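Peer 1: Below you'll find structure29.cif; it's mmCIF, C-alpha atoms and all ligand atoms.
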```cif
data_query
#
loop_
_atom_site.label_atom_id
_atom_site.label_comp_id
_atom_site.auth_asym_id
_atom_site.auth_seq_id
_atom_site.Cartn_x
_atom_site.Cartn_y
_atom_site.Cartn_z
CA MET T 67 126.83 49.82 60.27
CA PRO T 68 125.92 48.84 56.73
CA GLU T 69 128.89 47.01 55.18
CA LEU T 70 129.60 46.04 51.59
CA PRO T 71 126.66 43.58 51.20
CA GLU T 72 124.10 46.06 52.54
CA VAL T 73 125.40 48.97 50.45
CA GLU T 74 125.71 46.74 47.39
CA THR T 75 122.09 45.58 47.87
CA ILE T 76 120.97 49.21 47.90
CA ARG T 77 123.11 49.97 44.84
CA LEU T 78 121.68 47.06 42.84
CA GLN T 79 118.13 48.04 43.77
CA LEU T 80 118.58 51.75 43.06
CA ASN T 81 120.08 50.87 39.70
CA THR T 82 116.77 49.28 38.75
CA VAL T 83 114.77 52.44 39.51
CA LEU T 84 116.89 55.61 39.46
CA PRO T 85 118.51 55.75 35.99
CA GLY T 86 116.56 58.14 33.77
CA LEU T 87 114.92 60.01 36.67
CA VAL T 88 115.45 63.77 36.82
CA ILE T 89 115.97 65.57 40.14
CA LYS T 90 113.23 68.15 40.68
CA GLU T 91 113.97 69.30 44.22
CA ILE T 92 115.98 68.37 47.29
CA GLU T 93 114.41 69.04 50.67
CA ILE T 94 117.05 69.29 53.35
CA LEU T 95 115.54 68.65 56.77
CA ARG T 96 118.87 68.45 58.60
CA GLU T 97 121.65 70.72 57.31
CA LYS T 98 124.42 68.57 58.82
CA CYS T 99 123.62 65.72 56.42
CA PHE T 100 124.14 67.62 53.20
CA GLN T 101 127.16 69.37 51.71
CA GLY T 102 127.06 71.41 48.56
CA ASP T 103 124.72 73.72 46.68
CA LYS T 104 121.60 71.73 45.82
CA LYS T 105 120.86 74.03 42.87
CA GLU T 106 123.79 72.37 41.07
CA VAL T 107 121.96 69.03 40.83
CA ILE T 108 118.39 70.18 40.23
CA GLY T 109 117.31 69.33 36.67
CA LYS T 110 120.05 66.69 36.36
CA GLU T 111 119.30 63.14 35.29
CA VAL T 112 120.52 60.04 37.11
CA ILE T 113 122.80 57.88 34.95
CA GLY T 114 123.53 55.11 37.42
CA VAL T 115 124.66 54.23 40.93
CA GLU T 116 128.18 53.07 41.78
CA ARG T 117 129.74 51.83 45.00
CA TYR T 118 133.20 52.37 46.46
CA GLY T 119 133.66 50.32 49.64
CA LYS T 120 130.73 51.36 51.85
CA MET T 121 130.11 54.58 49.91
CA LEU T 122 127.54 55.08 47.14
CA PHE T 123 127.90 57.44 44.23
CA VAL T 124 124.86 58.58 42.27
CA LYS T 125 126.15 59.52 38.82
CA LEU T 126 124.36 62.39 37.09
CA ASN T 127 124.44 63.58 33.49
CA SER T 128 127.11 66.15 34.33
CA ASN T 129 130.55 66.01 35.88
CA ILE T 130 129.05 66.11 39.36
CA GLY T 131 127.17 63.53 41.34
CA LEU T 132 126.05 62.64 44.85
CA ALA T 133 128.38 60.74 47.17
CA ILE T 134 126.46 59.06 49.98
CA HIS T 135 127.73 57.41 53.16
CA LEU T 136 125.20 55.72 55.44
CA LYS T 137 127.67 55.44 58.35
CA MET T 138 126.00 53.85 61.44
CA THR T 139 122.26 54.12 60.93
CA GLY T 140 121.67 55.70 57.53
CA ARG T 141 118.93 54.42 55.24
CA LEU T 142 118.22 55.22 51.65
CA ILE T 143 114.69 54.30 50.66
CA PHE T 144 113.07 54.72 47.28
CA GLN T 145 109.38 55.43 47.01
CA ASP T 146 107.90 54.87 43.60
CA ARG T 147 105.34 57.39 42.37
CA ASN T 148 102.69 54.64 42.52
CA GLN T 149 103.34 54.12 46.24
CA LEU T 150 102.85 57.69 47.44
CA ASP T 151 99.61 56.94 49.31
CA ASP T 152 100.32 53.57 50.87
CA PHE T 153 104.00 53.07 51.51
CA LEU T 154 105.07 51.19 54.63
CA ILE T 155 108.61 50.26 55.61
CA GLU T 156 109.61 47.25 57.71
CA ASP T 157 110.47 49.28 60.77
CA LYS T 158 109.48 48.43 64.36
CA THR T 159 108.20 51.88 65.22
CA LEU T 160 108.27 54.42 62.40
CA LYS T 161 106.65 52.64 59.50
CA THR T 162 105.82 55.59 57.29
CA LEU T 163 107.90 58.03 55.29
CA PRO T 164 108.78 60.75 55.87
CA ASN T 165 109.15 60.35 59.64
CA LYS T 166 111.11 62.02 62.43
CA HIS T 167 114.36 60.41 61.26
CA THR T 168 114.05 61.68 57.69
CA ARG T 169 116.95 64.07 57.07
CA LEU T 170 116.64 64.67 53.36
CA ILE T 171 114.21 63.95 50.52
CA ILE T 172 115.08 63.93 46.84
CA TYR T 173 112.02 64.56 44.67
CA PHE T 174 112.13 63.44 41.05
CA GLU T 175 110.26 64.95 38.11
CA ASN T 176 108.12 61.80 37.73
CA LYS T 177 106.96 62.17 41.40
CA SER T 178 109.09 59.29 42.78
CA ARG T 179 111.15 60.10 45.88
CA LEU T 180 114.36 59.02 47.55
CA TYR T 181 114.43 59.38 51.35
CA PHE T 182 117.57 59.65 53.43
CA ASN T 183 116.78 58.61 56.98
CA ASP T 184 119.35 58.54 59.75
CA LEU T 185 118.65 57.99 63.43
CA ARG T 186 122.08 58.97 64.74
CA ILE T 187 122.95 61.53 62.05
CA PHE T 188 126.50 60.43 61.21
CA GLY T 189 125.66 59.71 57.56
CA TRP T 190 126.01 62.25 54.79
CA ILE T 191 125.25 63.19 51.20
CA ARG T 192 127.73 65.41 49.34
CA ILE T 193 127.78 66.93 45.91
CA VAL T 194 131.13 65.94 44.46
CA ASP T 195 132.82 66.45 41.11
CA SER T 196 134.92 63.75 39.46
CA VAL T 197 138.12 64.96 41.17
CA LYS T 198 136.58 64.79 44.63
CA ARG T 199 135.03 61.41 43.86
CA GLU T 200 138.45 60.08 42.81
CA ALA T 201 139.93 61.46 46.03
CA LEU T 202 137.27 59.72 48.14
CA SER T 203 137.75 56.37 46.43
CA ALA T 204 141.55 56.67 46.35
CA LYS T 205 141.61 56.43 50.15
CA LEU T 206 140.15 52.94 49.94
CA GLY T 207 142.04 49.65 49.78
CA ILE T 208 141.39 46.73 47.43
CA GLU T 209 137.79 46.43 46.37
CA PRO T 210 136.26 42.92 46.45
CA PHE T 211 134.62 41.79 43.18
CA THR T 212 136.99 43.88 41.06
CA LYS T 213 139.96 42.78 38.94
CA ASP T 214 142.27 44.17 41.66
CA PHE T 215 140.98 41.66 44.18
CA THR T 216 143.43 38.87 43.42
CA LEU T 217 145.07 36.48 45.85
CA GLU T 218 148.46 38.09 45.14
CA ASN T 219 147.21 41.62 45.84
CA PHE T 220 145.32 40.45 48.90
CA GLU T 221 148.36 38.67 50.32
CA LYS T 222 150.62 41.66 49.69
CA ALA T 223 148.16 44.05 51.34
CA ILE T 224 147.52 42.03 54.47
CA LYS T 225 151.17 41.09 55.03
CA ALA T 226 152.23 44.74 54.86
CA ALA T 227 150.03 45.51 57.87
CA LYS T 228 151.63 44.36 61.07
CA LYS T 229 148.54 43.83 63.16
CA ALA T 230 145.88 41.25 63.98
CA ILE T 231 144.16 39.83 60.92
CA LYS T 232 140.68 40.94 62.00
CA LEU T 233 141.83 44.55 62.30
CA VAL T 234 143.56 44.25 58.93
CA ILE T 235 140.55 43.05 56.95
CA MET T 236 138.34 45.69 58.61
CA ASP T 237 140.78 48.48 57.72
CA GLN T 238 139.10 50.35 54.83
CA GLN T 239 142.47 51.52 53.52
CA ILE T 240 143.56 47.89 53.09
CA LEU T 241 140.31 46.15 52.09
CA ALA T 242 137.25 48.18 51.15
CA GLY T 243 133.79 47.27 52.37
CA VAL T 244 134.37 44.66 55.09
CA GLY T 245 133.30 45.68 58.59
CA ASN T 246 132.90 43.89 61.90
CA ILE T 247 130.11 41.48 60.98
CA TYR T 248 131.59 40.04 57.81
CA ALA T 249 135.11 40.01 59.28
CA ASN T 250 133.80 37.70 62.01
CA GLU T 251 132.05 35.46 59.50
CA ALA T 252 134.97 35.32 57.04
CA LEU T 253 137.50 34.45 59.78
CA PHE T 254 135.30 31.65 61.07
CA CYS T 255 134.81 30.35 57.54
CA ALA T 256 138.61 30.33 57.10
CA ARG T 257 139.19 28.84 60.61
CA ILE T 258 141.53 31.69 61.56
CA ASN T 259 141.70 33.25 65.02
CA PRO T 260 140.74 36.95 64.80
CA GLN T 261 143.68 37.97 67.01
CA LYS T 262 146.31 36.13 64.98
CA SER T 263 148.92 38.43 63.48
CA ALA T 264 148.38 38.91 59.74
CA THR T 265 152.09 38.36 59.13
CA LYS T 266 151.81 34.85 60.62
CA LEU T 267 149.21 33.59 58.16
CA ASN T 268 150.61 30.86 55.93
CA ARG T 269 149.84 30.65 52.23
CA GLN T 270 147.03 28.15 52.73
CA GLU T 271 145.33 30.29 55.40
CA THR T 272 145.66 33.40 53.26
CA GLU T 273 144.10 31.61 50.32
CA LYS T 274 141.26 30.25 52.46
CA LEU T 275 140.55 33.71 53.88
CA PHE T 276 140.57 35.25 50.41
CA THR T 277 138.02 32.67 49.23
CA CYS T 278 135.92 33.06 52.39
CA ILE T 279 135.74 36.87 52.11
CA ASN T 280 134.40 36.42 48.60
CA SER T 281 131.86 33.76 49.52
CA VAL T 282 130.66 35.41 52.75
CA LEU T 283 130.06 38.73 50.99
CA LYS T 284 128.36 37.11 48.00
CA LYS T 285 126.02 35.09 50.20
CA ALA T 286 125.06 38.20 52.20
CA ILE T 287 124.31 40.18 49.04
CA LYS T 288 122.03 37.37 47.89
CA LEU T 289 120.20 37.63 51.22
CA HIS T 290 119.88 41.43 50.85
CA GLY T 291 122.19 42.14 53.80
CA PHE T 292 121.96 42.12 57.57
CA SER T 293 119.09 43.79 59.43
CA ASP T 294 119.03 44.21 63.17
CA ASN T 295 117.56 47.53 64.22
CA ASP T 296 118.60 49.93 61.54
CA TYR T 297 119.37 48.62 58.11
CA LEU T 298 116.61 48.39 55.52
CA ASP T 299 117.15 47.93 51.81
CA ALA T 300 116.28 50.56 49.21
CA PHE T 301 112.68 49.34 49.09
CA GLY T 302 112.20 49.59 52.87
CA LYS T 303 112.53 45.84 53.52
CA LYS T 304 114.72 43.94 55.94
CA GLY T 305 117.63 41.79 54.79
CA GLU T 306 117.94 38.16 55.85
CA ALA T 307 121.67 37.58 56.25
CA GLN T 308 121.29 37.46 60.07
CA ASN T 309 119.30 34.23 59.73
CA HIS T 310 122.28 32.55 58.10
CA PHE T 311 125.24 33.69 60.22
CA LEU T 312 127.44 30.94 61.59
CA ILE T 313 129.34 32.86 64.28
CA TYR T 314 128.30 36.53 64.48
CA GLY T 315 125.99 37.22 67.42
CA LYS T 316 126.22 33.59 68.63
CA ASN T 317 127.84 34.16 72.03
CA LYS T 318 127.64 31.00 74.22
CA GLU T 319 125.87 29.03 71.49
CA ASN T 320 127.41 25.83 70.17
CA CYS T 321 129.82 26.03 67.27
CA PRO T 322 128.04 24.71 64.16
CA VAL T 323 131.19 22.79 63.20
CA CYS T 324 132.58 21.23 66.41
CA GLY T 325 129.89 21.87 69.02
CA LYS T 326 132.14 23.73 71.49
CA GLU T 327 130.90 26.97 73.03
CA ILE T 328 131.36 30.11 70.93
CA LYS T 329 133.19 32.91 72.73
CA LYS T 330 132.67 36.64 72.51
CA ILE T 331 135.36 39.16 73.37
CA GLN T 332 135.79 42.86 72.78
CA PHE T 333 138.65 43.28 70.37
CA GLY T 334 139.58 46.56 68.73
CA GLY T 335 136.46 47.92 70.42
CA ARG T 336 134.15 45.56 68.53
CA GLY T 337 132.27 42.40 69.46
CA THR T 338 134.41 39.52 68.25
CA TYR T 339 133.00 35.99 68.04
CA PHE T 340 135.05 32.84 67.55
CA CYS T 341 135.38 29.15 68.37
CA LEU T 342 138.71 28.46 70.04
CA GLN T 343 138.63 24.84 68.87
CA CYS T 344 138.07 25.73 65.18
CA GLN T 345 140.07 28.98 65.28
CA PRO T 346 143.02 28.21 67.60
CA LYS T 347 145.55 30.88 68.52
ZN ZN I 1 134.20 24.99 66.48
#
```
Translate this structure into structure tokens?
Ligand SMILES: [Zn+2]

Peer 2:
Amino acid sequence: MPELPEVETIRLQLNTVLPGLVIKEIEILREKCFQGDKKEVIGKEVIGVERYGKMLFVKLNSNIGLAIHLKMTGRLIFQDRNQLDDFLIEDKTLKTLPNKHTRLIIYFENKSRLYFNDLRIFGWIRIVDSVKREALSAKLGIEPFTKDFTLENFEKAIKAAKKAIKLVIMDQQILAGVGNIYANEALFCARINPQKSATKLNRQETEKLFTCINSVLKKAIKLHGFSDNDYLDAFGKKGEAQNHFLIYGKNKENCPVCGKEIKKIQFGGRGTYFCLQCQPK
């Protein structure tokens, strides 16, 4: 599932191309993916793209906009009007757009297009007004890279949750944007066992984890996110974060710090990687 770095990469890219474009038409190929009356947004101009946790919000020149969640396998790919004839995406099988996984196409007045592709069809696009947008973002916990993301707020939030630290930092109502991949990486960076109770973290560990969440997310944004099978950025290219992971996906490989074998367990239903020597219980 795209996490904060992947969604932020898409946001940053879309912000370089969408502002100023006017929506001409929306072609809905799969009803399930779209909620609202598309007529409400036709003729509206894009002002900018915002992000709340893993959700995007395309702001229009009216009090409504488009909230977008990519969920498991969603992709949002921009095709510039100059690329209409020869546009290939970095996909193993379906390299052209639209293809059989295209669920929705937004056509702009200047002939550029925005494709919403989704293999498993859990993702969605909704027309929301400012009240609904507030309601969607109000459900989210502290947002990294905002003024609310302070060590004090972070400590208060994680200590209030009486469960394992990995489950705490993946809980969107506590910390917005971090999912399984970056939770694994941040906990290894901070040398904290994923199953350790959040209430048992000392001040030093909490501070280390706070710093590591910041640095792990920032590094992944710089690398345009993690691509395995599904995620592509807004220009149809793969991210490179997977080439720089230290622990995620490294089952039975040697720990890059101490050399001991990295373990993988299922924890909270998700693949959890750690080095018992560096991240003792
Ligand atoms: Zn180690």

Peer 1: Find the residue from T:Phe123, T:Phe301, T:Phe340, T:Tyr314 that sits nearest to ligand ZN 1 (chain I); use all atoms listed in the file when measuring.

Peer 2: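 Ranked by minimum distance to ligand ZN 1 (chain I), first place goes to T:Phe340.
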
Peer 1: Taking only C-alpha atoms and all ligand atoms into account, which residues have an atom no farther than 7 Å from ligand ZN 1 (chain I)? I'd like them as a CSV table (one decimal) with C-alpha atoms, in the frame of the given file.

Peer 2:
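Output saved as part.csv:
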```csv
chain,number,residue,atom,x,y,z
T,321,CYS,CA,129.8,26.0,67.3
T,322,PRO,CA,128.0,24.7,64.2
T,323,VAL,CA,131.2,22.8,63.2
T,324,CYS,CA,132.6,21.2,66.4
T,325,GLY,CA,129.9,21.9,69.0
T,326,LYS,CA,132.1,23.7,71.5
T,341,CYS,CA,135.4,29.2,68.4
T,342,LEU,CA,138.7,28.5,70.0
T,343,GLN,CA,138.6,24.8,68.9
T,344,CYS,CA,138.1,25.7,65.2
```

Peer 1: Which neighbours of segment 128-145 of chain T fall inside 6 Å, counting all atoms listed in the file, when residues of the same chain fewer than 2 positions from it are skipped, and could you give them as a ChimeraX atom specification?

Peer 2: /T:67,121-126,178-185,188-195,296,300-302

Peer 1: Restricting it to C-alpha atoms, dump the selection as a short mmCIF file (atom, residue, chain, number, x, y, z; two decimals), in the frame of the given file.

Peer 2:
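For reference, result-v3.cif as written:
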```
data_model
loop_
_atom_site.label_atom_id
_atom_site.label_comp_id
_atom_site.auth_asym_id
_atom_site.auth_seq_id
_atom_site.Cartn_x
_atom_site.Cartn_y
_atom_site.Cartn_z
CA MET T 67 126.83 49.82 60.27
CA MET T 121 130.11 54.58 49.91
CA LEU T 122 127.54 55.08 47.14
CA PHE T 123 127.90 57.44 44.23
CA VAL T 124 124.86 58.58 42.27
CA LYS T 125 126.15 59.52 38.82
CA LEU T 126 124.36 62.39 37.09
CA SER T 178 109.09 59.29 42.78
CA ARG T 179 111.15 60.10 45.88
CA LEU T 180 114.36 59.02 47.55
CA TYR T 181 114.43 59.38 51.35
CA PHE T 182 117.57 59.65 53.43
CA ASN T 183 116.78 58.61 56.98
CA ASP T 184 119.35 58.54 59.75
CA LEU T 185 118.65 57.99 63.43
CA PHE T 188 126.50 60.43 61.21
CA GLY T 189 125.66 59.71 57.56
CA TRP T 190 126.01 62.25 54.79
CA ILE T 191 125.25 63.19 51.20
CA ARG T 192 127.73 65.41 49.34
CA ILE T 193 127.78 66.93 45.91
CA VAL T 194 131.13 65.94 44.46
CA ASP T 195 132.82 66.45 41.11
CA ASP T 296 118.60 49.93 61.54
CA ALA T 300 116.28 50.56 49.21
CA PHE T 301 112.68 49.34 49.09
CA GLY T 302 112.20 49.59 52.87
#
```

Peer 1: Between atom CA of Phe220 of chain T and atom CA of Lys329 of chain T, measure the distance and give it in Å to one decimal.

Peer 2: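 Answer for the atom CA of Phe220 of chain T to atom CA of Lys329 of chain T separation: 27.8 Å.
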
Peer 1: Mind checking which residues fall within 6 Å of Phe292 of chain T, counting all atoms listed in the file, ignoring those fewer than 4 positions away in the same chain, and posting them as a PDB file with C-alpha atoms, keeping the file's coordinate frame?

Peer 2:
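result24.pdb written:
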```pdb
ATOM      1  CA  GLY T 305     117.630  41.790  54.790  1.00  0.00           C
ATOM      2  CA  GLU T 306     117.940  38.160  55.850  1.00  0.00           C
ATOM      3  CA  ALA T 307     121.670  37.580  56.250  1.00  0.00           C
ATOM      4  CA  GLN T 308     121.290  37.460  60.070  1.00  0.00           C
TER       5      GLN T 308
END
```

Peer 1: Find the residues with any atom within 12 Å of (142.3, 40.0, 45.2); use only C-alpha atoms and the coordinates as given in the file, and write the answer as a PDB file with C-alpha atoms, in the coordinates of the input.

Peer 2:
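Result file is part-v5.pdb:
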```
ATOM      1  CA  GLY T 207     142.040  49.650  49.780  1.00  0.00           C
ATOM      2  CA  ILE T 208     141.390  46.730  47.430  1.00  0.00           C
ATOM      3  CA  GLU T 209     137.790  46.430  46.370  1.00  0.00           C
ATOM      4  CA  PRO T 210     136.260  42.920  46.450  1.00  0.00           C
ATOM      5  CA  PHE T 211     134.620  41.790  43.180  1.00  0.00           C
ATOM      6  CA  THR T 212     136.990  43.880  41.060  1.00  0.00           C
ATOM      7  CA  LYS T 213     139.960  42.780  38.940  1.00  0.00           C
ATOM      8  CA  ASP T 214     142.270  44.170  41.660  1.00  0.00           C
ATOM      9  CA  PHE T 215     140.980  41.660  44.180  1.00  0.00           C
ATOM     10  CA  THR T 216     143.430  38.870  43.420  1.00  0.00           C
ATOM     11  CA  LEU T 217     145.070  36.480  45.850  1.00  0.00           C
ATOM     12  CA  GLU T 218     148.460  38.090  45.140  1.00  0.00           C
ATOM     13  CA  ASN T 219     147.210  41.620  45.840  1.00  0.00           C
ATOM     14  CA  PHE T 220     145.320  40.450  48.900  1.00  0.00           C
ATOM     15  CA  GLU T 221     148.360  38.670  50.320  1.00  0.00           C
ATOM     16  CA  LYS T 222     150.620  41.660  49.690  1.00  0.00           C
ATOM     17  CA  ALA T 223     148.160  44.050  51.340  1.00  0.00           C
ATOM     18  CA  ILE T 224     147.520  42.030  54.470  1.00  0.00           C
ATOM     19  CA  ILE T 240     143.560  47.890  53.090  1.00  0.00           C
ATOM     20  CA  LEU T 241     140.310  46.150  52.090  1.00  0.00           C
ATOM     21  CA  ALA T 242     137.250  48.180  51.150  1.00  0.00           C
ATOM     22  CA  THR T 272     145.660  33.400  53.260  1.00  0.00           C
ATOM     23  CA  GLU T 273     144.100  31.610  50.320  1.00  0.00           C
ATOM     24  CA  LEU T 275     140.550  33.710  53.880  1.00  0.00           C
ATOM     25  CA  PHE T 276     140.570  35.250  50.410  1.00  0.00           C
ATOM     26  CA  THR T 277     138.020  32.670  49.230  1.00  0.00           C
ATOM     27  CA  CYS T 278     135.920  33.060  52.390  1.00  0.00           C
ATOM     28  CA  ILE T 279     135.740  36.870  52.110  1.00  0.00           C
ATOM     29  CA  ASN T 280     134.400  36.420  48.600  1.00  0.00           C
TER      30      ASN T 280
END
```

Peer 1: Which neighbours of Leu160 of chain T fall inside 12 Å, counting all atoms listed in the file, when residues of the same chain fewer than 4 positions from it are skipped, and could you give them as a list in words?

Peer 2: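 Contacts, in chain order: Phe153, Leu154, Ile155, Glu156, Pro164, Asn165, Lys166, His167, Thr168, Asn183, Leu185, Asn295, Asp296 and Gly302 of chain T.
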
Peer 1: My list of candidates is T:Ala227, T:Ile235, T:Leu80, T:Val197. Which is closest to Ile247 of chain T when distances are computed with all atoms listed in the file?

Peer 2: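 That would be T:Ile235, the residue with the smallest distance to Ile247 of chain T.
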
Peer 1: When you count all atoms listed in the file, which of these residues is closest to Asn81 of chain T: T:Lys229, T:Arg117, T:Lys274, T:Lys98?

Peer 2: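 Nearest to Asn81 of chain T: T:Arg117.
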
Peer 1: Using only C-alpha atoms, what residues lie at most 12 Å away from (118.2, 74.7, 36.6) (file coordinates), given as a list of chain:residue names?

Peer 2: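 Residues lying no farther than 12 Å from the given point: T:Val88, T:Ile89, T:Lys90, T:Glu91, T:Lys104, T:Lys105, T:Glu106, T:Val107, T:Ile108, T:Gly109, T:Lys110, T:Glu111.
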
Peer 1: I'd like the neighbourhood of Lys232 of chain T as a list in words, where a residue qualifies if any of its atoms comes within 10 Å (using only C-alpha atoms), though same-chain residues fewer than 4 positions away should be ignored.

Peer 2: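 With the cut-off at 10 Å, the set is Met236, Asp237, Gly245, Asn246, Ala249, Asn250, Ala252, Leu253, Ile258, Asn259, Pro260, Gln261, Lys262, Ser263, Ala264, Phe333, Gly334 and Thr338 of chain T.
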